[in-house]
>>> print(open('model_13.cif').read())   # mmCIF, C-alpha atoms
data_structure
loop_
_atom_site.label_atom_id
_atom_site.label_comp_id
_atom_site.auth_asym_id
_atom_site.auth_seq_id
_atom_site.Cartn_x
_atom_site.Cartn_y
_atom_site.Cartn_z
CA MET N 1 5.55 -14.50 -18.40
CA PRO N 2 7.08 -15.83 -15.17
CA ARG N 3 4.81 -17.41 -12.61
CA LEU N 4 4.30 -15.63 -9.30
CA LEU N 5 4.50 -16.81 -5.70
CA LEU N 6 3.40 -14.40 -2.96
CA LEU N 7 4.53 -15.19 0.60
CA ASN N 8 2.96 -13.36 3.56
CA ALA N 9 6.14 -13.13 5.67
CA GLU N 10 4.13 -13.45 8.86
CA TRP N 11 5.63 -12.22 12.09
CA GLU N 12 7.13 -15.13 14.03
CA GLY N 13 5.78 -13.99 17.40
CA GLU N 14 2.34 -14.29 18.95
CA ILE N 15 0.04 -11.29 18.89
CA LYS N 16 -1.42 -10.84 22.33
CA ILE N 17 -2.90 -8.20 24.56
CA THR N 18 0.05 -6.99 26.57
CA PRO N 19 -0.45 -5.32 30.00
CA LYS N 20 0.36 -2.01 28.28
CA LEU N 21 -2.37 -2.45 25.67
CA LYS N 22 -4.83 -3.71 28.27
CA ALA N 23 -4.19 -0.59 30.38
CA HIS N 24 -4.64 1.63 27.31
CA LEU N 25 -7.97 0.00 26.43
CA LYS N 26 -9.12 0.45 30.03
CA LYS N 27 -7.94 4.07 30.19
CA THR N 28 -9.73 4.95 26.95
CA LYS N 29 -12.88 3.04 28.07
CA THR N 30 -12.92 1.25 24.74
CA LYS N 31 -15.96 -0.98 24.23
CA SER N 32 -15.69 -1.53 20.49
CA ILE N 33 -12.88 -1.67 17.98
CA ASP N 34 -12.56 -1.45 14.19
CA LEU N 35 -9.59 -3.73 13.72
CA PHE N 36 -7.06 -3.70 10.87
CA ALA N 37 -3.65 -5.29 10.33
CA SER N 38 -1.00 -5.73 7.70
CA THR N 39 -0.67 -9.24 6.34
CA GLN N 40 2.35 -9.96 8.59
CA PHE N 41 0.10 -9.62 11.63
CA ALA N 42 -3.04 -11.37 10.43
CA GLU N 43 -2.86 -14.39 12.79
CA ILE N 44 -4.93 -12.93 15.60
CA GLY N 45 -6.96 -15.87 16.96
CA ASN N 46 -5.78 -15.52 20.57
CA PHE N 47 -5.85 -11.73 20.38
CA LEU N 48 -9.55 -11.86 19.48
CA LYS N 49 -10.26 -14.29 22.33
CA GLU N 50 -8.59 -11.94 24.78
CA LEU N 51 -10.62 -8.98 23.49
CA LYS N 52 -13.78 -11.04 23.95
CA LYS N 53 -12.80 -11.72 27.57
CA LEU N 54 -12.48 -7.95 28.02
CA LYS N 55 -16.02 -7.63 26.58
CA ILE N 56 -14.78 -5.49 23.70
CA LYS N 57 -16.74 -5.85 20.48
CA VAL N 58 -14.52 -6.27 17.43
CA ASN N 59 -15.58 -5.15 13.97
CA ILE N 60 -13.58 -6.62 11.12
CA GLN N 61 -14.26 -5.85 7.49
CA LYS N 62 -12.66 -6.28 4.12
CA ALA N 63 -11.26 -3.09 2.66
CA LYS N 64 -11.96 -2.48 -1.01
CA ARG N 65 -8.63 -3.53 -2.51
CA THR N 66 -7.64 -6.29 -0.09
CA ASN N 67 -8.28 -9.94 -0.67
CA LYS N 68 -9.36 -10.82 2.85
CA PRO N 69 -10.97 -9.19 5.89
CA LEU N 70 -8.81 -7.48 8.53
CA GLN N 71 -6.00 -6.65 6.14
CA ILE N 72 -5.45 -3.10 4.99
CA LEU N 73 -3.36 -1.96 2.02
CA GLY N 74 -1.72 1.39 1.53
CA CYS N 75 -4.08 2.12 -1.35
CA ASP N 76 -7.19 1.65 0.82
CA CYS N 77 -6.88 5.33 1.64
CA ASN N 78 -10.21 6.83 0.59
CA PRO N 79 -13.48 7.31 2.49
CA ASP N 80 -15.10 4.82 0.10
CA SER N 81 -12.36 2.20 0.67
CA PHE N 82 -14.52 0.46 3.28
CA GLU N 83 -17.90 -1.24 2.99
CA LYS N 84 -19.00 -0.07 6.42
CA ASP N 85 -18.32 3.20 8.23
CA LEU N 86 -15.68 3.01 10.93
CA LYS N 87 -17.85 3.84 13.92
CA SER N 88 -16.32 1.85 16.77
CA ASP N 89 -14.86 3.58 19.83
CA MET N 90 -11.37 2.87 18.56
CA ILE N 91 -9.79 2.23 15.16
CA LEU N 92 -6.93 -0.12 15.97
CA TYR N 93 -4.14 -1.05 13.59
CA LEU N 94 -1.85 -4.00 14.35
CA GLY N 95 1.55 -3.68 12.79
CA ASP N 96 4.73 -1.68 12.54
CA GLY N 97 5.49 1.47 10.56
CA MET N 98 3.26 4.32 9.45
CA PHE N 99 2.43 3.39 5.85
CA HIS N 100 -0.82 1.55 6.60
CA PRO N 101 -1.98 3.79 9.48
CA LYS N 102 -1.57 6.75 7.11
CA ALA N 103 -4.01 5.06 4.71
CA LEU N 104 -6.54 5.02 7.56
CA ILE N 105 -5.80 8.66 8.44
CA LEU N 106 -6.43 9.66 4.82
CA ALA N 107 -9.64 7.64 4.69
CA VAL N 108 -11.23 8.81 7.92
CA ASP N 109 -10.80 11.92 10.04
CA ARG N 110 -10.53 10.05 13.35
CA PRO N 111 -7.67 9.08 15.64
CA ILE N 112 -5.97 5.82 14.69
CA THR N 113 -4.42 3.72 17.45
CA ILE N 114 -1.35 1.76 16.39
CA PHE N 115 -0.30 -1.25 18.41
CA ASP N 116 3.06 -2.64 17.37
CA PRO N 117 3.12 -6.26 18.60
CA ILE N 118 6.90 -6.43 18.19
CA SER N 119 7.91 -3.46 20.31
CA ASP N 120 4.71 -3.33 22.43
CA ASN N 121 4.46 0.35 21.52
CA ILE N 122 1.12 2.15 21.36
CA LYS N 123 0.75 5.34 19.40
CA VAL N 124 -2.29 7.42 18.55
CA VAL N 125 -2.11 9.35 15.28
CA ASP N 126 -4.55 11.55 13.38
CA ARG N 127 -4.70 14.10 10.56
CA LYS N 128 -2.39 16.43 12.47
CA ASP N 129 0.34 13.90 11.70
CA MET N 130 -0.31 14.41 7.97
CA GLN N 131 -0.95 18.14 8.10
CA LYS N 132 1.77 18.95 5.58
CA GLU N 133 0.59 16.32 3.08
CA LEU N 134 -3.04 17.42 3.37
CA MET N 135 -2.16 21.10 3.02
CA ILE N 136 -0.13 20.43 -0.14
CA LYS N 137 -2.89 18.16 -1.47
CA LYS N 138 -5.36 21.01 -1.17
CA ARG N 139 -2.94 23.44 -2.82
CA ASN N 140 -2.34 20.99 -5.66
CA LEU N 141 -6.07 20.55 -6.27
CA LYS N 142 -6.36 24.30 -6.75
CA LYS N 143 -3.36 24.28 -9.10
CA PHE N 144 -4.95 21.45 -11.08
CA LEU N 145 -8.18 23.38 -11.55
CA ASN N 146 -6.25 26.43 -12.75
CA ALA N 147 -3.72 24.56 -14.93
CA ASP N 148 -3.86 24.76 -18.73
CA LYS N 149 -1.25 22.09 -19.36
CA ILE N 150 -1.61 18.78 -17.50
CA GLY N 151 0.84 15.85 -17.48
CA ILE N 152 -0.78 12.48 -16.91
CA LEU N 153 1.59 9.86 -15.50
CA VAL N 154 1.13 6.20 -16.40
CA THR N 155 3.21 3.32 -15.08
CA ILE N 156 3.59 0.09 -17.02
CA LYS N 157 3.55 -1.97 -13.78
CA PRO N 158 0.44 -4.10 -14.35
CA GLY N 159 -0.96 -3.72 -10.81
CA GLN N 160 -0.89 0.06 -11.07
CA GLN N 161 -1.38 0.58 -14.80
CA TYR N 162 -4.35 2.75 -15.76
CA PHE N 163 -3.55 3.59 -19.37
CA LEU N 164 -7.18 3.53 -20.52
CA ALA N 165 -8.27 5.79 -17.65
CA ALA N 166 -5.41 8.17 -18.52
CA LYS N 167 -6.54 8.35 -22.16
CA LYS N 168 -10.13 8.99 -21.08
CA LEU N 169 -8.99 11.70 -18.68
CA LYS N 170 -6.99 13.37 -21.47
CA VAL N 171 -10.12 13.49 -23.64
CA ASP N 172 -12.20 14.90 -20.76
CA LEU N 173 -9.61 17.55 -19.89
CA GLU N 174 -9.26 18.62 -23.52
CA LYS N 175 -13.04 18.97 -23.75
CA GLU N 176 -12.64 21.53 -20.94
CA GLY N 177 -10.12 23.45 -23.06
CA LYS N 178 -6.98 22.21 -21.29
CA LYS N 179 -4.05 20.44 -22.98
CA ALA N 180 -3.09 17.07 -21.55
CA TYR N 181 0.00 14.98 -22.28
CA ILE N 182 0.40 11.35 -21.25
CA PHE N 183 3.83 10.32 -19.91
CA ILE N 184 4.74 6.64 -19.59
CA ASP N 185 7.40 5.08 -17.37
CA ASP N 186 7.90 1.97 -15.23
CA THR N 187 8.83 3.52 -11.88
CA LEU N 188 7.59 7.08 -11.43
CA ASN N 189 10.56 9.13 -10.32
CA PRO N 190 10.05 12.79 -9.29
CA MET N 191 13.48 13.70 -10.70
CA ASN N 192 12.08 13.09 -14.17
CA TYR N 193 9.16 15.49 -13.73
CA GLU N 194 11.50 18.49 -13.67
CA ASN N 195 12.49 17.88 -17.30
CA TYR N 196 9.02 18.97 -18.37
CA PRO N 197 8.62 22.49 -16.99
CA PHE N 198 5.63 23.20 -19.29
CA VAL N 199 3.50 20.87 -17.17
CA GLN N 200 1.60 22.95 -14.64
CA CYS N 201 0.11 20.01 -12.77
CA TRP N 202 0.67 16.27 -12.89
CA VAL N 203 -2.01 13.63 -12.53
CA ASN N 204 -0.70 10.38 -11.06
CA THR N 205 -2.63 7.33 -12.22
CA ALA N 206 -0.38 4.80 -10.38
CA CYS N 207 -0.22 4.12 -6.63
CA PRO N 208 -2.45 6.73 -4.91
CA ARG N 209 0.09 7.19 -2.14
CA ILE N 210 2.39 8.91 -4.66
CA GLY N 211 -0.19 11.71 -4.87
CA THR N 212 -0.60 11.95 -1.10
CA ASP N 213 2.63 11.10 0.75
CA ASP N 214 5.28 11.79 -1.90
CA ILE N 215 3.97 15.24 -2.88
CA VAL N 216 5.85 16.76 0.05
CA ASN N 217 9.13 15.78 -1.60
CA PHE N 218 8.86 17.76 -4.84
CA SER N 219 7.88 21.26 -5.82
CA GLN N 220 5.67 20.54 -8.83
CA ALA N 221 1.96 20.06 -8.25
CA MET N 222 0.51 16.56 -8.49
CA ILE N 223 -2.87 15.05 -7.76
CA ASN N 224 -4.19 11.49 -8.01
CA LEU N 225 -6.43 10.16 -10.78
CA ARG N 226 -9.37 9.76 -8.39
CA ASP N 227 -9.18 13.43 -7.48
CA ALA N 228 -8.73 14.55 -11.10
CA LEU N 229 -11.92 12.69 -12.00
CA ASP N 230 -13.87 14.52 -9.30
CA PRO N 231 -11.97 17.49 -7.79
CA ARG N 232 -15.09 18.71 -5.96
CA ARG N 233 -15.38 15.41 -4.07
CA ALA N 234 -11.66 15.65 -3.26
CA PHE N 235 -12.15 19.08 -1.66
CA VAL N 236 -15.15 17.83 0.34
CA GLU N 237 -13.20 14.80 1.58
CA LEU N 238 -10.35 17.03 2.74
CA GLU N 239 -12.79 18.96 4.87
CA LYS N 240 -14.36 15.83 6.39
CA MET Q 1 11.62 -11.89 12.88
CA TYR Q 2 9.36 -12.45 9.85
CA LYS Q 3 8.87 -15.93 8.41
CA LEU Q 4 10.79 -16.52 5.19
CA GLU Q 5 8.65 -19.61 4.47
CA LEU Q 6 11.63 -21.33 2.85
CA GLU Q 7 9.96 -24.73 2.96
CA LYS Q 8 7.02 -23.48 0.90
CA LEU Q 9 9.41 -21.72 -1.47
CA ILE Q 10 11.55 -24.80 -2.05
CA THR Q 11 8.49 -27.04 -2.53
CA THR Q 12 7.01 -24.61 -5.07
CA ILE Q 13 10.27 -24.35 -7.03
CA LYS Q 14 10.52 -28.15 -7.19
CA GLN Q 15 6.86 -28.62 -8.10
CA GLN Q 16 7.01 -26.00 -10.82
CA LYS Q 17 10.45 -27.18 -11.97
CA ALA Q 18 11.55 -23.54 -12.03
CA LYS Q 19 15.04 -22.98 -13.35
CA GLN Q 20 15.55 -19.27 -12.69
CA VAL Q 21 13.95 -17.69 -9.62
CA LEU Q 22 13.77 -14.00 -8.80
CA ILE Q 23 13.67 -13.06 -5.09
CA GLN Q 24 11.83 -9.81 -4.34
CA LEU Q 25 11.89 -8.71 -0.71
CA PRO Q 26 10.50 -5.60 1.03
CA ASP Q 27 13.10 -3.24 2.54
CA GLY Q 28 12.83 -4.72 6.04
CA MET Q 29 13.74 -8.17 4.77
CA LYS Q 30 16.32 -7.35 2.08
CA HIS Q 31 19.18 -8.08 4.49
CA LYS Q 32 18.11 -11.74 4.40
CA ALA Q 33 18.19 -12.04 0.60
CA HIS Q 34 21.42 -14.06 0.67
CA LEU Q 35 19.83 -16.63 2.98
CA VAL Q 36 16.98 -17.13 0.54
CA ALA Q 37 19.28 -17.27 -2.49
CA ASP Q 38 21.58 -19.77 -0.76
CA ALA Q 39 18.62 -21.98 0.21
CA VAL Q 40 17.29 -21.96 -3.35
CA GLU Q 41 20.62 -22.87 -4.91
CA GLU Q 42 21.53 -25.47 -2.27
CA GLU Q 43 18.18 -27.24 -2.11
CA THR Q 44 16.97 -27.04 -5.70
CA ASN Q 45 18.44 -27.06 -9.19
CA ALA Q 46 17.30 -23.48 -9.77
CA LYS Q 47 19.47 -20.40 -10.00
CA ALA Q 48 18.48 -17.54 -7.69
CA PHE Q 49 18.53 -13.84 -8.52
CA ILE Q 50 17.79 -10.89 -6.24
CA TRP Q 51 15.66 -7.89 -7.22
CA LEU Q 52 17.55 -4.76 -6.24
CA GLY Q 53 14.68 -2.29 -6.32
CA SER Q 54 11.37 -1.54 -4.66
CA CYS Q 55 8.82 -3.97 -3.28
CA TYR Q 56 5.89 -1.83 -2.22
CA GLY Q 57 3.21 -4.43 -2.81
CA ALA Q 58 1.80 -7.06 -5.11
CA CYS Q 59 1.12 -4.09 -7.40
CA ASP Q 60 4.87 -3.52 -7.69
CA LEU Q 61 6.18 -6.54 -9.59
CA PRO Q 62 9.46 -6.50 -11.56
CA LEU Q 63 8.91 -6.14 -15.28
CA GLY Q 64 10.78 -7.63 -18.21
CA MET Q 65 11.66 -10.85 -16.41
CA ASP Q 66 10.62 -12.93 -19.41
CA ILE Q 67 13.50 -11.35 -21.36
CA LEU Q 68 15.87 -12.86 -18.79
CA ASN Q 69 14.04 -16.21 -18.82
CA ILE Q 70 13.10 -15.87 -15.15
CA ASP Q 71 10.35 -18.43 -14.71
CA LEU Q 72 9.31 -17.75 -11.11
CA VAL Q 73 9.06 -14.42 -9.28
CA VAL Q 74 8.70 -14.72 -5.50
CA GLN Q 75 7.58 -11.71 -3.52
CA TRP Q 76 7.46 -11.57 0.27
CA GLY Q 77 5.24 -9.50 2.52
CA HIS Q 78 2.20 -9.09 0.32
CA ASN Q 79 -0.72 -11.05 -1.01
CA LYS Q 80 -3.33 -10.85 -3.76
CA PHE Q 81 -5.24 -7.63 -4.10
CA ASN Q 82 -8.20 -6.34 -6.08
CA LYS Q 83 -7.24 -3.79 -8.67
CA GLU Q 84 -9.64 -0.89 -8.69
CA MET Q 85 -11.13 -0.18 -12.09
CA TRP Q 86 -11.68 3.36 -13.31
#
>>> encode(input="model_13.cif", output="structure tokens")
Amino acid sequence: MPRLLLLNAEWEGEIKITPKLKAHLKKTKTKSIDLFASTQFAEIGNFLKELKKLKIKVNIQKAKRTNKPLQILGCDCNPDSFEKDLKSDMILYLGDGMFHPKALILAVDRPITIFDPISDNIKVVDRKDMQKELMIKKRNLKKFLNADKIGILVTIKPGQQYFLAAKKLKVDLEKEGKKAYIFIDDTLNPMNYENYPFVQCWVNTACPRIGTDDIVNFSQAMINLRDALDPRRAFVELEK
Amino acid sequence: MYKLELEKLITTIKQQKAKQVLIQLPDGMKHKAHLVADAVEEETNAKAFIWLGSCYGACDLPLGMDILNIDLVVQWGHNKFNKEMW
């Protein structure tokens, strides 16, 4: 096996409270913040000092799958992905792109403020920005409950491989009178799903964002392993 | 715009005496792959190779590299994570 070196690729600039962000915090009367960032934007010493000067309380916690506080991963996308509830006035994400903010949207039904330190852009997003994904997720859950033939997808990528869980799920589903088939691949490619038209619903055991974001890109129903294990909880969380 | 951390990379390759290094960059950094490969081959005795495909996270590592005798995989933009157990 080759050895592995992971490099953070930190942003070269300094993260600071720009006049635009300061005005936004003032306008929204923010007194407390739940703060998250991607690993590129984790050097926030001066940013925290500036927030302290503005008398804004900052709450930083370690999400379930991350290795250090502040950071958020795309797979920290469930209500139980955080040790503490996100109760501050504002949930603030430092970084660019929508991948990580979408994890927060999926985890908590509250507005997420994105501050991009590179462009100095501020954007507020919420579940309306994922309406299509959430609608299809709900539809797919119903299809899963009604399906007789289930395809369980397993990747061989070690960080996302849940072969044992897939085998257990197959046993559980077959106890309920359904038929379940386990499909194995390295990269899960939606084009391959269409070759198995007998599958009425897929269960994705790899990256949970495949079963949330990517479901808008193909017609066949798919849900994530977590939701297959407890569909009732999945419905409740969608209503939260 | 994002730090390539070439110094750390070169030091690690030399320390580990790696001979074949695979460079795995996220989409936003792929356009700099040649800079990394050039640095590896100019400053160390290792050969550099570039992963063509995805780099979604530390959970998305290239497989089968042992078949090619790659002895060091370097991924940018991510760090260690805790795999959830089901």
>>> interface_residues(input="model_13.cif", of="chain Q", to="chain N", cutoff="7 Å", atoms="all atoms listed in the file", output="ChimeraX atom specification")
/Q:1-4,59-61,63,65-66,70-84,86
>>> atom_distance(input="model_13.cif", atom1="CA of Phe218 (chain N)", atom2="CA of Glu194 (chain N)")
9.2 Å
>>> residues_near_point(input="model_13.cif", point="(-17.4, -1.3, 16.8)", cutoff="12 Å", atoms="all atoms listed in the file", output="PyMOL selection string")
chain N and resi 30-35+55-61+84-92
>>> resolve_selection(input="model_13.cif", expression="the PyMOL selection byres ((chain N and resi 93) around 12)", output="VMD selection string")
chain N and resid 33 to 39 41 to 42 60 70 to 73 90 to 92 94 to 105 111 to 117 121 to 125
>>> resolve_selection(input="model_13.cif", expression="the PyMOL selection byres ((chain N and resi 190) around 9)", output="MDAnalysis selection string")
chainID N and resid 188:189 191:194 214 217:218 220
>>> closest_residue(input="model_13.cif", among="N:Leu54, N:Ile136, N:Leu106, N:Val171", to="Ser219 (chain N)", atoms="only C-alpha atoms")
N:Ile136
